[in-house]
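Coordinates as given in model-v8.cif (mmCIF, C-alpha atoms):
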```
data_data
#
loop_
_atom_site.label_atom_id
_atom_site.label_comp_id
_atom_site.auth_asym_id
_atom_site.auth_seq_id
_atom_site.Cartn_x
_atom_site.Cartn_y
_atom_site.Cartn_z
CA MET P 1 137.90 -220.60 -12.09
CA ASN P 2 141.41 -220.57 -10.70
CA VAL P 3 142.80 -222.08 -7.52
CA THR P 4 142.68 -218.76 -5.65
CA ASN P 5 138.96 -218.36 -6.37
CA LEU P 6 138.26 -221.92 -5.26
CA ALA P 7 140.13 -221.32 -2.01
CA SER P 8 138.16 -218.11 -1.40
CA ILE P 9 134.83 -219.88 -1.97
CA ALA P 10 135.86 -222.75 0.29
CA SER P 11 136.92 -220.45 3.12
CA ALA P 12 133.70 -218.43 2.76
CA LEU P 13 131.67 -221.64 2.99
CA VAL P 14 133.56 -222.71 6.10
CA ALA P 15 132.99 -219.30 7.67
CA ALA P 16 129.28 -219.39 6.78
CA ALA P 17 128.94 -222.89 8.25
CA ALA P 18 130.63 -221.71 11.45
CA LEU P 19 128.17 -218.82 11.72
CA VAL P 20 125.22 -221.15 11.24
CA THR P 21 126.35 -223.76 13.77
CA ALA P 22 127.64 -221.43 16.50
CA ALA P 23 125.40 -219.17 18.54
CA PRO P 24 126.08 -215.49 17.89
CA PRO P 25 128.71 -214.30 20.39
CA HIS P 26 126.49 -211.52 21.76
CA ALA P 27 123.57 -213.94 22.35
CA PHE P 28 125.82 -216.29 24.34
CA ALA P 29 127.10 -213.39 26.40
CA ASP P 30 123.51 -212.35 27.14
CA VAL P 31 122.56 -215.82 28.36
CA GLU P 32 125.65 -216.00 30.55
CA SER P 33 124.82 -212.58 31.90
CA ILE P 34 121.22 -213.59 32.72
CA LEU P 35 122.34 -216.85 34.33
CA GLN P 36 124.88 -215.11 36.52
CA SER P 37 122.92 -211.97 37.35
CA GLN P 38 119.38 -213.34 37.65
CA CYS P 39 119.66 -217.09 38.34
CA ALA P 40 122.86 -217.84 40.27
CA SER P 41 122.04 -215.69 43.28
CA CYS P 42 119.17 -218.04 44.24
CA HIS P 43 119.74 -221.25 42.24
CA ALA P 44 122.79 -223.52 42.45
CA LEU P 45 124.08 -223.92 38.91
CA GLN P 46 126.92 -226.24 39.91
CA ALA P 47 126.75 -229.48 41.87
CA PRO P 48 127.82 -229.09 45.52
CA ALA P 49 130.47 -231.13 47.30
CA ASN P 50 129.39 -234.63 48.35
CA ASN P 51 129.61 -234.05 52.10
CA ILE P 52 127.58 -230.86 52.14
CA ALA P 53 126.32 -229.83 55.63
CA LYS P 54 122.65 -230.28 56.55
CA ASN P 55 122.13 -226.60 57.29
CA GLU P 56 123.01 -225.75 53.68
CA ARG P 57 119.32 -226.36 52.97
CA LEU P 58 118.38 -223.39 55.13
CA SER P 59 120.33 -220.92 53.03
CA ARG P 60 118.83 -222.03 49.72
CA MET P 61 116.39 -219.59 48.18
CA ALA P 62 115.31 -221.76 45.24
CA PRO P 63 115.75 -225.26 43.79
CA PRO P 64 119.18 -226.28 42.49
CA LEU P 65 119.44 -226.11 38.71
CA HIS P 66 122.65 -228.07 38.10
CA PHE P 67 120.47 -230.95 36.94
CA ALA P 68 117.84 -228.81 35.18
CA GLY P 69 118.46 -230.69 31.92
CA ASN P 70 117.72 -233.98 33.70
CA LYS P 71 114.59 -232.63 35.37
CA TYR P 72 112.51 -230.14 33.39
CA ASN P 73 110.68 -230.25 30.09
CA ARG P 74 112.19 -227.60 27.84
CA ASP P 75 108.84 -226.29 26.55
CA TRP P 76 107.62 -225.82 30.10
CA LEU P 77 110.83 -223.96 31.03
CA VAL P 78 110.39 -221.50 28.15
CA SER P 79 106.77 -220.92 29.00
CA TRP P 80 107.33 -220.63 32.76
CA LEU P 81 110.36 -218.31 32.53
CA SER P 82 108.34 -215.87 30.44
CA ASN P 83 105.31 -216.11 32.72
CA PRO P 84 106.40 -217.46 36.12
CA SER P 85 103.93 -218.55 38.80
CA PRO P 86 104.42 -220.28 42.17
CA ILE P 87 105.39 -223.97 42.12
CA HIS P 88 105.74 -224.24 45.90
CA PRO P 89 102.48 -223.01 47.52
CA ALA P 90 104.33 -222.23 50.76
CA GLY P 91 107.60 -221.08 49.19
CA TYR P 92 110.72 -223.13 48.54
CA TYR P 93 111.52 -223.22 52.27
CA PRO P 94 108.09 -222.90 53.90
CA GLN P 95 109.53 -222.37 57.36
CA ARG P 96 110.50 -218.83 56.31
CA HIS P 97 106.85 -217.95 55.78
CA ILE P 98 105.14 -219.70 58.68
CA ILE P 99 103.33 -217.66 61.29
CA ASN P 100 102.43 -219.26 64.59
CA THR P 101 98.93 -218.11 65.50
CA GLY P 102 99.01 -219.62 68.97
CA ASP P 103 96.61 -222.30 67.83
CA GLY P 104 98.53 -223.76 64.93
CA ASP P 105 100.58 -222.53 62.02
CA THR P 106 99.50 -220.52 59.03
CA LEU P 107 101.30 -218.94 56.09
CA ASP P 108 102.23 -215.29 55.90
CA THR P 109 100.00 -214.11 53.07
CA ASP P 110 101.99 -210.89 52.74
CA VAL P 111 104.87 -212.82 51.21
CA ARG P 112 104.75 -212.21 47.48
CA PHE P 113 106.01 -214.66 44.91
CA ALA P 114 108.89 -213.02 43.11
CA HIS P 115 110.75 -214.45 40.13
CA PRO P 116 112.24 -212.46 37.24
CA THR P 117 110.12 -212.51 34.10
CA LEU P 118 112.08 -213.00 30.89
CA SER P 119 111.16 -212.04 27.35
CA THR P 120 110.26 -214.98 25.09
CA GLU P 121 113.65 -214.71 23.39
CA GLU P 122 115.50 -214.60 26.70
CA ALA P 123 113.42 -217.48 28.07
CA ASP P 124 114.21 -219.58 25.04
CA ALA P 125 117.94 -218.89 25.29
CA VAL P 126 118.04 -219.49 29.06
CA ALA P 127 116.04 -222.72 28.69
CA THR P 128 118.56 -223.92 26.11
CA ALA P 129 121.41 -223.15 28.50
CA LEU P 130 119.64 -224.79 31.48
CA MET P 131 118.89 -227.94 29.50
CA LEU P 132 122.66 -228.41 29.13
CA LEU P 133 123.05 -228.69 32.93
CA LYS P 134 122.92 -232.44 33.54
CA SER P 135 124.83 -233.32 36.69
CA LYS P 136 122.54 -236.33 37.33
CA SER P 137 122.53 -238.03 33.94
CA ALA P 138 123.76 -241.27 35.55
CA LEU P 139 120.55 -241.45 37.62
CA ILE P 140 118.38 -240.87 34.56
CA GLU P 141 120.27 -243.53 32.60
CA ALA P 142 119.80 -246.02 35.45
CA ASP P 143 116.05 -245.41 35.62
CA THR P 144 113.74 -248.07 34.22
CA TYR P 145 110.46 -246.14 33.86
CA GLN P 146 108.36 -246.93 30.81
CA SER P 147 105.17 -245.08 30.02
CA GLY P 148 101.93 -246.71 31.06
CA THR P 149 98.55 -246.08 32.60
CA VAL P 150 96.75 -246.67 35.85
CA ALA P 151 93.04 -246.48 36.67
CA MET P 152 92.50 -242.91 37.89
CA ARG P 153 90.58 -244.03 40.96
CA MET P 154 93.45 -246.28 41.98
CA GLY P 155 95.94 -243.51 41.29
CA VAL P 156 94.04 -241.13 43.54
CA MET P 157 93.79 -243.73 46.32
CA ASP P 158 97.47 -244.54 45.99
CA PHE P 159 98.58 -240.88 46.07
CA ARG P 160 96.30 -239.79 48.87
CA ARG P 161 95.66 -242.77 51.06
CA PHE P 162 98.24 -245.50 50.58
CA LYS P 163 101.43 -243.49 50.02
CA GLY P 164 100.40 -240.30 51.81
CA CYS P 165 101.85 -238.01 49.11
CA ASP P 166 99.02 -235.54 49.66
CA ALA P 167 100.33 -234.72 53.12
CA CYS P 168 102.74 -232.34 51.36
CA HIS P 169 101.74 -232.26 47.67
CA GLN P 170 98.64 -231.22 45.73
CA ASP P 171 97.39 -233.51 42.98
CA SER P 172 94.50 -231.14 42.27
CA THR P 173 93.90 -227.45 42.85
CA THR P 174 91.72 -228.32 45.81
CA SER P 175 93.47 -231.24 47.48
CA GLY P 176 96.78 -231.74 49.25
CA GLY P 177 99.30 -230.16 51.59
CA LEU P 178 101.21 -226.95 51.14
CA SER P 179 104.85 -227.66 51.89
CA GLY P 180 105.82 -229.57 48.74
CA PRO P 181 105.82 -228.51 45.09
CA LEU P 182 102.56 -228.70 43.16
CA LEU P 183 102.12 -231.99 41.36
CA TYR P 184 98.88 -231.53 39.43
CA ASN P 185 101.00 -229.90 36.75
CA ALA P 186 103.96 -232.27 37.06
CA ALA P 187 103.34 -233.72 33.60
CA GLN P 188 103.96 -230.37 31.96
CA ARG P 189 106.93 -229.48 34.16
CA LEU P 190 108.92 -232.63 34.77
CA GLN P 191 110.49 -235.40 32.74
CA ALA P 192 109.01 -238.85 33.36
CA ALA P 193 112.38 -240.44 34.14
CA TYR P 194 113.12 -237.65 36.63
CA LEU P 195 109.83 -238.24 38.47
CA SER P 196 110.51 -241.96 38.60
CA SER P 197 114.12 -241.68 39.71
CA PHE P 198 113.47 -238.88 42.22
CA ILE P 199 110.53 -240.63 43.90
CA LEU P 200 112.55 -243.84 44.12
CA ASN P 201 115.55 -242.15 45.71
CA PRO P 202 115.30 -238.39 46.28
CA VAL P 203 118.41 -238.40 48.46
CA ALA P 204 120.50 -239.52 45.49
CA TRP P 205 119.37 -236.35 43.70
CA ASP P 206 119.79 -234.06 46.66
CA PRO P 207 121.35 -235.21 49.96
CA ASN P 208 119.57 -232.41 51.82
CA THR P 209 116.15 -232.87 50.27
CA VAL P 210 113.15 -232.84 52.61
CA MET P 211 111.43 -235.40 50.40
CA PRO P 212 111.53 -238.74 52.23
CA VAL P 213 112.46 -242.04 50.62
CA LEU P 214 109.13 -243.88 50.53
CA GLU P 215 110.74 -247.33 50.42
CA MET P 216 108.66 -248.42 47.43
CA ASN P 217 109.74 -250.92 44.83
CA GLU P 218 110.09 -249.79 41.23
CA PRO P 219 106.68 -251.01 39.98
CA ALA P 220 104.97 -249.06 42.80
CA VAL P 221 106.93 -245.93 41.91
CA HIS P 222 106.05 -246.37 38.25
CA LYS P 223 102.33 -246.56 39.07
CA LEU P 224 102.58 -243.24 40.90
CA VAL P 225 104.38 -241.71 37.94
CA HIS P 226 101.70 -243.03 35.56
CA TYR P 227 99.12 -241.29 37.74
CA LEU P 228 101.03 -237.98 37.91
CA LEU P 229 101.53 -237.95 34.16
CA MET P 230 97.81 -238.57 33.59
CA LEU P 231 96.82 -235.52 35.63
CA GLU P 232 95.76 -232.44 33.77
CA GLU P 233 96.27 -229.01 35.15
CA MET E 1 152.40 -265.27 78.80
CA ARG E 2 148.91 -266.08 77.53
CA ASN E 3 147.40 -263.77 80.18
CA GLN E 4 149.83 -261.01 79.24
CA LEU E 5 148.78 -261.39 75.61
CA LYS E 6 145.11 -261.25 76.61
CA ASN E 7 145.79 -258.04 78.53
CA VAL E 8 147.57 -256.51 75.56
CA VAL E 9 144.60 -257.37 73.32
CA ARG E 10 142.17 -256.02 75.91
CA VAL E 11 144.07 -252.76 76.39
CA THR E 12 144.50 -252.35 72.63
CA GLY E 13 140.77 -252.96 72.18
CA ILE E 14 139.86 -250.37 74.78
CA GLY E 15 142.31 -247.95 73.17
CA ALA E 16 140.76 -248.57 69.76
CA LEU E 17 137.26 -247.99 71.12
CA ALA E 18 138.38 -244.77 72.82
CA PHE E 19 140.00 -243.70 69.54
CA LEU E 20 136.84 -244.44 67.58
CA ALA E 21 134.68 -242.67 70.16
CA ASN E 22 136.92 -239.62 69.85
CA LEU E 23 136.61 -239.70 66.09
CA GLY E 24 132.84 -239.11 66.27
CA PRO E 25 132.70 -235.35 66.69
CA ALA E 26 135.60 -234.90 64.28
CA PHE E 27 133.42 -236.09 61.41
CA GLY E 28 131.11 -233.10 61.71
CA ALA E 29 129.39 -230.79 64.11
CA GLU E 30 127.12 -232.42 66.65
CA ALA E 31 123.64 -232.91 65.15
CA ASP E 32 121.33 -230.05 66.07
CA GLY E 33 117.92 -231.46 67.02
CA ALA E 34 116.12 -228.11 66.86
CA LEU E 35 117.50 -227.37 63.41
CA LEU E 36 116.57 -230.83 62.14
CA TYR E 37 113.08 -230.49 63.62
CA ASP E 38 112.67 -227.19 61.79
CA MET E 39 113.82 -228.73 58.50
CA TYR E 40 111.97 -232.04 58.52
CA CYS E 41 109.13 -231.96 61.05
CA VAL E 42 107.42 -228.57 61.44
CA GLN E 43 105.58 -228.80 58.10
CA CYS E 44 103.23 -231.32 59.73
CA HIS E 45 103.96 -231.25 63.46
CA GLY E 46 104.04 -227.46 63.69
CA THR E 47 106.58 -224.86 64.75
CA GLN E 48 105.41 -225.33 68.35
CA GLY E 49 105.31 -229.13 68.07
CA ASN E 50 101.56 -229.08 68.73
CA GLY E 51 100.67 -231.15 65.64
CA LYS E 52 99.21 -228.11 63.87
CA GLY E 53 101.67 -227.52 61.05
CA ILE E 54 100.75 -225.94 57.72
CA ASN E 55 99.98 -229.36 56.22
CA ALA E 56 97.92 -230.58 59.17
CA SER E 57 94.55 -229.40 57.90
CA HIS E 58 95.16 -231.28 54.64
CA ILE E 59 95.91 -234.61 56.31
CA ASN E 60 93.19 -237.05 57.28
CA VAL E 61 95.18 -238.27 60.29
CA GLN E 62 96.20 -235.51 62.67
CA PRO E 63 99.97 -235.36 63.23
CA ARG E 64 101.11 -236.28 66.73
CA SER E 65 101.37 -233.39 69.18
CA HIS E 66 104.90 -233.48 70.54
CA ILE E 67 103.98 -231.25 73.46
CA ASP E 68 101.44 -233.73 74.80
CA LYS E 69 103.33 -234.91 77.85
CA GLY E 70 101.01 -237.83 78.53
CA GLU E 71 101.18 -239.25 74.99
CA MET E 72 104.89 -238.68 74.62
CA SER E 73 105.75 -240.11 78.03
CA ALA E 74 104.06 -243.33 76.97
CA ARG E 75 106.69 -243.77 74.25
CA SER E 76 110.24 -244.89 74.97
CA ASP E 77 113.22 -243.25 73.30
CA ALA E 78 113.69 -246.48 71.34
CA GLU E 79 110.13 -246.23 69.98
CA LEU E 80 110.63 -242.59 69.00
CA PHE E 81 113.86 -243.50 67.25
CA LYS E 82 112.08 -246.35 65.46
CA VAL E 83 109.16 -244.26 64.22
CA ILE E 84 111.45 -241.52 62.92
CA ALA E 85 113.78 -244.02 61.25
CA GLU E 86 111.23 -246.47 59.90
CA GLY E 87 108.02 -244.47 59.66
CA GLY E 88 104.56 -244.68 61.23
CA PRO E 89 103.74 -248.28 60.23
CA ALA E 90 106.79 -249.49 62.24
CA ILE E 91 104.84 -248.73 65.44
CA ASN E 92 101.37 -249.36 63.97
CA LYS E 93 100.78 -245.70 63.20
CA SER E 94 99.92 -243.83 60.01
CA VAL E 95 101.68 -244.29 56.68
CA LEU E 96 101.61 -240.47 56.49
CA MET E 97 104.64 -240.46 58.78
CA PRO E 98 107.46 -241.50 56.42
CA ALA E 99 110.72 -243.30 57.21
CA TRP E 100 113.49 -240.74 57.56
CA ARG E 101 116.44 -243.14 57.89
CA HIS E 102 117.59 -242.39 54.34
CA ASN E 103 117.66 -238.62 54.90
CA LEU E 104 119.01 -238.68 58.44
CA ASN E 105 121.85 -240.67 60.01
CA GLU E 106 121.61 -242.31 63.44
CA SER E 107 123.13 -239.42 65.37
CA GLU E 108 120.73 -237.00 63.68
CA ILE E 109 117.75 -239.18 64.63
CA GLU E 110 119.08 -239.40 68.19
CA ALA E 111 119.31 -235.59 68.24
CA LEU E 112 115.68 -235.42 67.12
CA VAL E 113 114.61 -237.83 69.88
CA ALA E 114 116.41 -235.62 72.42
CA HIS E 115 114.65 -232.56 70.96
CA LEU E 116 111.26 -234.30 71.25
CA ARG E 117 111.97 -234.94 74.93
CA LYS E 118 112.68 -231.23 75.41
CA LEU E 119 109.47 -230.28 73.60
CA CYS E 120 107.23 -232.62 75.50
CA CYS E 121 108.62 -232.68 78.91
CA GLU E 122 110.93 -229.83 79.85
CA ASN E 123 108.45 -226.95 79.80
#
```
Can I see the file as structure tokens?
Amino acid sequence: MNVTNLASIASALVAAAALVTAAPPHAFADVESILQSQCASCHALQAPANNIAKNERLSRMAPPLHFAGNKYNRDWLVSWLSNPSPIHPAGYYPQRHIINTGDGDTLDTDVRFAHPTLSTEEADAVATALMLLKSKSALIEADTYQSGTVAMRMGVMDFRRFKGCDACHQDSTTSGGLSGPLLYNAAQRLQAAYLSSFILNPVAWDPNTVMPVLEMNEPAVHKLVHYLLMLEE
Amino acid sequence: MRNQLKNVVRVTGIGALAFLANLGPAFGAEADGALLYDMYCVQCHGTQGNGKGINASHINVQPRSHIDKGEMSARSDAELFKVIAEGGPAINKSVLMPAWRHNLNESEIEALVAHLRKLCCEN
């Protein structure tokens, strides 16, 4: 074997390695195309300026995704994107769907949940791309949550009675308010450190969130997270 | 001389206060109480402020009706500010009313108090 042959083999190996490690160019273009054409019109894919105005919240159609990689479980993302179902029982901004009956408010039942459904391959590729969006990694790194357990009865009491979470959130299919995202499936959807960090200081995640700071110490937050992670859909 | 110096300090102080007061609006548009009420309050207190928001039937303590003139007149502006900022327990009310002082600044809470006064007592 001469030097020329060796050089040819080496360059072929390098080229093959590059093909293995890099995503095919057309696949990357497809993901970018999906993100821009199907996600970006409703979801923020980039972090906003620090001094964003309060009324920005009104124009949002869906949750920001610039920290999707700090928030969601990848397996859940793949599954949900290929078979989406409502996460917010009253919509992301419930006020858009409220009807005043004259004797209290109700939800407009004619409003249909609408989210694009992706093929399994597309969902997998988009989930990979979304998991790279990590604008809040510093908050995750600062979080101190460690897995643990809590007696279910205490967890229920804490969620519903002591902390009042059920005013806005459901911890079962039959209990809880309508304005906040469902939490009985939080374990599948959300990362533990995200739950812990967000409950402790939601404003640090999103200055215009409508989730209040519950002024709990870290051990109290961690007990709530234990409870949420023990729930089964 | 000492009195002249005092006057200079006094005038400068008044000027500084006037300057700071003028800075207020420049930091952002005046807080809109109705907008803030729509964002943060109607889920429980209702679009009409009658305490019958979409969450109300799921809560074991009924949210306060903000159009109840009698109930609302019994509360001072300072108390309303306190309960919005620090939550229900701050005025011996339900834990279901959270503290909003981390989401809203003082001028926004003041705008909400002014909006509550409109809801309860101007119609």
So, with only C-alpha atoms as the atoms that count, which of P:Ala44, P:Ala53, P:Ala62, P:Leu200 lies closest to chain E? P:Ala53
Using all atoms listed in the file, determine which residues of chain E fall within 12 Å of chain P; present them as a ChimeraX atom specification. /E:27-63,65,84-89,94-105,108
Report, in Å to a single decimal, how far apart atom CA of Pro84 of chain P and atom CA of Asp110 of chain P are.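 Value for the atom CA of Asp110 of chain P-atom CA of Pro84 of chain P distance: 18.4 Å.
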Using all atoms listed in the file, which protein or nucleic acid residues come within 6 Å of segment 123-136 of chain P? Drop anything in the same chain fewer than 6 positions from it, and give the result as a list in words.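 Residues meeting the cut-off are Val31, His66, Phe67, Ala68, Gly69, Asn70, Leu77, Val78, Leu81 and Ser82 of chain P.
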Would you mind reading off the distance between atom CA of Pro89 of chain P and atom CA of Pro181 of chain P, one decimal, in Å? 6.9 Å
I'd like to see the residues matched by the PyMOL selection byres ((chain E and resi 116) around 10) on this file, and ideally I'd get them as a PyMOL selection string. chain E and resi 33-34+37+49+66-67+72+77+80+110-115+117-122
State, in Å with one decimal place, the distance from atom CA of Phe159 of chain P to atom CA of Asn92 of chain E.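 Atom CA of Asn92 of chain E lies 20.0 Å from atom CA of Phe159 of chain P.
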Could you list the residues chosen by the PyMOL selection byres ((chain P and resi 184) around 8) in this structure as a short mmCIF file (atom, residue, chain, number, x, y, z; two decimals) with C-alpha atoms, keeping the file's coordinate frame?
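Generated output (expr-v6.cif):
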```
data_model
loop_
_atom_site.label_atom_id
_atom_site.label_comp_id
_atom_site.auth_asym_id
_atom_site.auth_seq_id
_atom_site.Cartn_x
_atom_site.Cartn_y
_atom_site.Cartn_z
CA GLN P 170 98.64 -231.22 45.73
CA ASP P 171 97.39 -233.51 42.98
CA SER P 172 94.50 -231.14 42.27
CA THR P 173 93.90 -227.45 42.85
CA LEU P 182 102.56 -228.70 43.16
CA LEU P 183 102.12 -231.99 41.36
CA ASN P 185 101.00 -229.90 36.75
CA ALA P 186 103.96 -232.27 37.06
CA ALA P 187 103.34 -233.72 33.60
CA LEU P 228 101.03 -237.98 37.91
CA LEU P 231 96.82 -235.52 35.63
CA GLU P 232 95.76 -232.44 33.77
CA GLU P 233 96.27 -229.01 35.15
#
```
Could you tell me, as a ChimeraX atom specification, exactly which residues end up selected when the PyMOL selection byres ((chain P and resi 192-198) around 9) is applied to this structure? /P:70-72,139-147,186-187,190-191,199-205,218,221-222,224-226,228-229
With distances taken over all atoms listed in the file, which of P:Ala138, P:Met61, P:Met230, P:Ala114 is nearest to Val156 of chain P? P:Met230
